[in-house]
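**Q** A single structure is presented below for examination.
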Amino acid sequence: MNKMMLIAGPCVIESEENVFHIADKMEGIARRLDLDYYFKASFDKANRTSLSSYRGPGLENGLRILEKVKKTFGFNIATDIHEPWQADPTANVADIIQIPAFLCRQTDLLVAAAKTGKLINIKKAQFLAPWDMKNVIKKIEESGNHNILLCERGTCFGYNTLIVDMTGIVEMKKFGYPVVIDATHSVQKPGGKGDRTGGNREYVEPLAKAAIAAGADALFFEVHPDPDQALSDGPNMVNLYDFEEMLKRILLVYNSVHGL
């Protein structure tokens, strides 16, 4: 792996205009930094803290927007599914199907995703040990798919807090699949604001650098032009206009580790 793999985009599709603004900026960043880039956005956030929280435009309209992004910019697309029936229509647009952390042991969801033949990015649950991912991997493999990414996104550490154990990256790499560090969700404070999630975005960059140094193969970030006004996960998202300079600094670590 020479080019650094990057999965990045807004947490959720807020509007077509917002998505295209982010995609346009990311196209330039990915080209200038020569990245293996996947545009990420969710069409539905089914695990929000509050019933009143914004979830997204839904599958049909969301996939329409993502397909338009794909055709306009030539991007590979990553998005997540929450129910087995979403796998096939999502596979018509997405190049990576992502399994949310809370759902990574849901057998029917894993099997449906695997049968699409797409690259499956499995987020390790906040409650799982790294070595417990062997059972998750086995469900994908035994469904006929060996196109797997394993994603570290933090582990529960008391209440409303996550911690990233860098030895977990080493442990997951033993399974023989690339490991992704989700540097933005790893700084979440789940339920930390009572009716929504909090976060510490100032820790995103050092966490990403540390994970790459520990052996992570790829990066996942959520970015937004105005994170404090974002409709989902604002406290842990990176400002779009700061992102390129952050990536340049992280690339110094990546290139050093990979001898580039």
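Following the order of the structure tokens, chains are lettered A, B, ..., residues in each are numbered from 1, and ligands are numbered from 1.
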Which residues of segment 8-56 of chain A come within 12 Å of segment 177-188 of chain A, and for each one, what is the closest pair of atoms and their distance in Å to one decimal, counting only C-alpha atoms, sorted by chain and residue number, as CSV?

**A**
residue,atom,partner,partner_atom,distance
A:Ala8,CA,A:Asp182,CA,9.7
A:Gly9,CA,A:Thr184,CA,11.2
A:Pro10,CA,A:Thr184,CA,11.0
A:Cys11,CA,A:His185,CA,9.8

**Q** Per DSSP on the backbone, filter segment 40-231 of chain A down to the residues in strand (DSSP E or B) and report them as an MDAnalysis selection string.

**A** chainID A and resid 40 42 76:80 96:99 119:123 148:152 155:156 162:163 179:182 188:189 198:199 218:224

**Q** Let me see the file: selected residues, C-alpha atoms, as a tab-separated table (two decimals), in the first residue's frame.

**A**
chain	number	residue	atom	x	y	z
A	40	LYS	CA	-18.14	8.97	2.99
A	42	SER	CA	-24.51	8.44	5.73
A	76	ASN	CA	-15.38	5.77	-4.73
A	77	ILE	CA	-18.20	5.90	-2.18
A	78	ALA	CA	-18.46	4.63	1.40
A	79	THR	CA	-21.69	4.57	3.38
A	80	ASP	CA	-23.20	2.55	6.19
A	96	ILE	CA	-17.43	0.31	0.69
A	97	ILE	CA	-20.32	-0.86	2.82
A	98	GLN	CA	-19.75	0.13	6.41
A	99	ILE	CA	-21.08	-1.77	9.42
A	119	LEU	CA	-15.42	-4.08	0.48
A	120	ILE	CA	-16.83	-4.25	4.02
A	121	ASN	CA	-15.57	-1.80	6.64
A	122	ILE	CA	-16.45	-3.29	10.02
A	123	LYS	CA	-16.28	-0.90	12.94
A	148	ILE	CA	-12.59	-6.69	4.69
A	149	LEU	CA	-11.41	-3.61	6.56
A	150	LEU	CA	-11.30	-3.58	10.36
A	151	CYS	CA	-11.98	-0.20	11.92
A	152	GLU	CA	-10.84	0.97	15.36
A	155	THR	CA	-13.52	1.43	23.46
A	156	CYS	CA	-15.82	2.29	26.36
A	162	LEU	CA	-13.88	6.33	24.89
A	163	ILE	CA	-10.22	5.39	24.84
A	179	VAL	CA	-6.91	-1.72	9.89
A	180	VAL	CA	-8.54	1.70	9.69
A	181	ILE	CA	-8.39	4.28	12.48
A	182	ASP	CA	-11.58	6.27	12.81
A	188	GLN	CA	-16.57	11.10	20.99
A	189	LYS	CA	-18.19	11.58	24.37
A	198	GLY	CA	-20.12	15.38	22.72
A	199	GLY	CA	-16.49	15.13	21.68
A	218	ALA	CA	-5.85	3.74	6.60
A	219	LEU	CA	-7.65	6.76	8.01
A	220	PHE	CA	-11.31	7.62	8.52
A	221	PHE	CA	-12.40	11.18	9.27
A	222	GLU	CA	-15.67	13.04	9.32
A	223	VAL	CA	-15.33	16.62	8.07
A	224	HIS	CA	-17.69	19.59	7.82

**Q** Considering only helix (DSSP H, G or I) as DSSP defines it on the backbone, what residues of segment 33-247 of chain A qualify? List them as an MDAnalysis selection string.

**A** chainID A and resid 33 59:73 84:91 101:103 107:114 130:141 166:173 185:187 201:214 227:229 234:236 240:247

**Q** Would you please work out which residue, of A:Val12, A:Phe102, A:Lys71, A:Lys174, is nearest to Ser53 of chain A when using only C-alpha atoms?

**A**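 For Ser53 of chain A, the nearest of the candidates is A:Val12.
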
**Q** Between A:Ile169, A:Val204, A:Ile29, A:Leu247, which is the closest to Ala216 of chain A once you count only C-alpha atoms?

**A**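 Of the candidates, the smallest distance to Ala216 of chain A is held by A:Ile169.
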
**Q** Have a look at A:Ala94, A:Met5, A:Leu110, A:Ala125 and name the one nearest to Lys138 of chain A; count only C-alpha atoms.

**A**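 Under the stated criterion, the closest residue is A:Leu110.
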
**Q** Which neighbours of Lys68 of chain A fall inside 12 Å, counting only C-alpha atoms, when residues of the same chain fewer than 2 positions from it are skipped, and could you give them as a list in words?

**A**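 Skipping anything fewer than 2 positions along the chain leaves Glu16, Glu17, Val19, Phe20, Ala23, Phe39, Asn61, Gly62, Leu63, Arg64, Ile65, Leu66, Lys70, Lys71, Thr72, Phe73, Gly74, Phe75, Asn76, Ile77, Val93 and Ala94 of chain A.
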
**Q** Do you know which residues are at most 12 Å from Gly28 of chain A counting only C-alpha atoms, after dropping those on the same chain fewer than 6 positions away, and could you put them as an MDAnalysis selection string?

**A** chainID A and resid 21:22 34:35 37 73 75 240:241 243:244

**Q** Could you name the residues that touch Ala87 of chain A at 10 Å or less, counting only C-alpha atoms, but leaving out those on the same chain fewer than 2 positions away, as a list in words?

**A**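 Near Ala87 of chain A, the qualifying residues are Asp80, Ile81, His82, Glu83, Pro84, Trp85, Pro89, Thr90, Ala91, Asn92, Ala94, Ile97, Gln98, Leu109, Leu110, Val111, Ala112, Ala113, Ala114, Lys115, Thr116 and Lys118 of chain A.
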
**Q** Generate a file of the selected residues that holds N, CA and C atoms, formatted as an mmCIF file, in the first residue's frame.

**A**
data_model
loop_
_atom_site.group_PDB
_atom_site.id
_atom_site.type_symbol
_atom_site.label_atom_id
_atom_site.label_comp_id
_atom_site.auth_asym_id
_atom_site.auth_seq_id
_atom_site.Cartn_x
_atom_site.Cartn_y
_atom_site.Cartn_z
ATOM 1 N N ASP A 80 -22.856 3.614 5.263
ATOM 2 C CA ASP A 80 -23.198 2.550 6.191
ATOM 3 C C ASP A 80 -24.639 2.088 6.024
ATOM 4 N N ILE A 81 -24.872 0.844 6.434
ATOM 5 C CA ILE A 81 -26.215 0.287 6.444
ATOM 6 C C ILE A 81 -26.549 -0.154 7.866
ATOM 7 N N HIS A 82 -27.853 -0.204 8.159
ATOM 8 C CA HIS A 82 -28.297 -0.583 9.495
ATOM 9 C C HIS A 82 -29.208 -1.808 9.485
ATOM 10 N N GLU A 83 -29.740 -2.153 8.303
ATOM 11 C CA GLU A 83 -30.645 -3.286 8.202
ATOM 12 C C GLU A 83 -30.278 -4.112 6.981
ATOM 13 N N PRO A 84 -30.484 -5.436 7.036
ATOM 14 C CA PRO A 84 -30.069 -6.300 5.928
ATOM 15 C C PRO A 84 -30.654 -5.903 4.575
ATOM 16 N N TRP A 85 -31.913 -5.463 4.537
ATOM 17 C CA TRP A 85 -32.537 -5.151 3.253
ATOM 18 C C TRP A 85 -31.894 -3.955 2.553
ATOM 19 N N PRO A 89 -29.514 -2.481 -2.418
ATOM 20 C CA PRO A 89 -29.579 -1.173 -3.075
ATOM 21 C C PRO A 89 -28.357 -0.309 -2.806
ATOM 22 N N THR A 90 -27.785 -0.411 -1.615
ATOM 23 C CA THR A 90 -26.591 0.364 -1.292
ATOM 24 C C THR A 90 -25.412 -0.083 -2.142
ATOM 25 N N ALA A 91 -25.315 -1.380 -2.391
ATOM 26 C CA ALA A 91 -24.216 -1.917 -3.192
ATOM 27 C C ALA A 91 -24.250 -1.424 -4.633
ATOM 28 N N ASN A 92 -25.394 -0.956 -5.097
ATOM 29 C CA ASN A 92 -25.482 -0.414 -6.460
ATOM 30 C C ASN A 92 -24.738 0.912 -6.586
ATOM 31 N N ALA A 94 -22.424 2.186 -3.571
ATOM 32 C CA ALA A 94 -21.255 2.242 -2.683
ATOM 33 C C ALA A 94 -20.180 1.235 -3.080
ATOM 34 N N ILE A 97 -19.159 -0.803 1.939
ATOM 35 C CA ILE A 97 -20.324 -0.856 2.821
ATOM 36 C C ILE A 97 -19.805 -0.928 4.242
ATOM 37 N N GLN A 98 -20.245 0.012 5.050
ATOM 38 C CA GLN A 98 -19.747 0.125 6.415
ATOM 39 C C GLN A 98 -20.758 -0.440 7.407
ATOM 40 N N LEU A 109 -27.152 -8.789 9.260
ATOM 41 C CA LEU A 109 -26.608 -7.595 8.620
ATOM 42 C C LEU A 109 -25.261 -7.908 7.983
ATOM 43 N N LEU A 110 -24.400 -8.608 8.702
ATOM 44 C CA LEU A 110 -23.076 -8.969 8.188
ATOM 45 C C LEU A 110 -23.184 -9.871 6.963
ATOM 46 N N VAL A 111 -24.067 -10.846 7.017
ATOM 47 C CA VAL A 111 -24.226 -11.778 5.899
ATOM 48 C C VAL A 111 -24.738 -11.045 4.665
ATOM 49 N N ALA A 112 -25.716 -10.175 4.849
ATOM 50 C CA ALA A 112 -26.271 -9.427 3.716
ATOM 51 C C ALA A 112 -25.215 -8.524 3.088
ATOM 52 N N ALA A 113 -24.430 -7.863 3.928
ATOM 53 C CA ALA A 113 -23.357 -7.004 3.408
ATOM 54 C C ALA A 113 -22.321 -7.838 2.669
ATOM 55 N N ALA A 114 -21.925 -8.955 3.257
ATOM 56 C CA ALA A 114 -20.898 -9.806 2.652
ATOM 57 C C ALA A 114 -21.323 -10.303 1.272
ATOM 58 N N LYS A 115 -22.584 -10.663 1.138
ATOM 59 C CA LYS A 115 -23.059 -11.250 -0.119
ATOM 60 C C LYS A 115 -23.085 -10.247 -1.273
ATOM 61 N N THR A 116 -22.933 -8.971 -0.990
ATOM 62 C CA THR A 116 -22.844 -7.989 -2.075
ATOM 63 C C THR A 116 -21.494 -8.072 -2.782
ATOM 64 N N LYS A 118 -18.930 -6.460 -1.937
ATOM 65 C CA LYS A 118 -18.253 -5.181 -1.788
ATOM 66 C C LYS A 118 -17.203 -5.247 -0.670
#

**Q** Choose the residue, out of A:Glu205, A:Ser15, A:Leu6, A:Asn135, that has the smallest atom-to-atom separation from Glu245 of chain A; count only C-alpha atoms.

**A**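 Looking at the shortest contact to Glu245 of chain A, the residue is A:Glu205.
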
**Q** At what distance in Å, to one decimal, does atom CA of Leu128 of chain A lie from atom CA of Ser143 of chain A?

**A**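 Result for atom CA of Ser143 of chain A versus atom CA of Leu128 of chain A: 21.7 Å, one decimal.
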
**Q** Using only C-alpha atoms, can you tell me which of A:Ile13, A:Met166, A:Cys104, A:Met4 comes closest to His258 of chain A?

**A** A:Met4
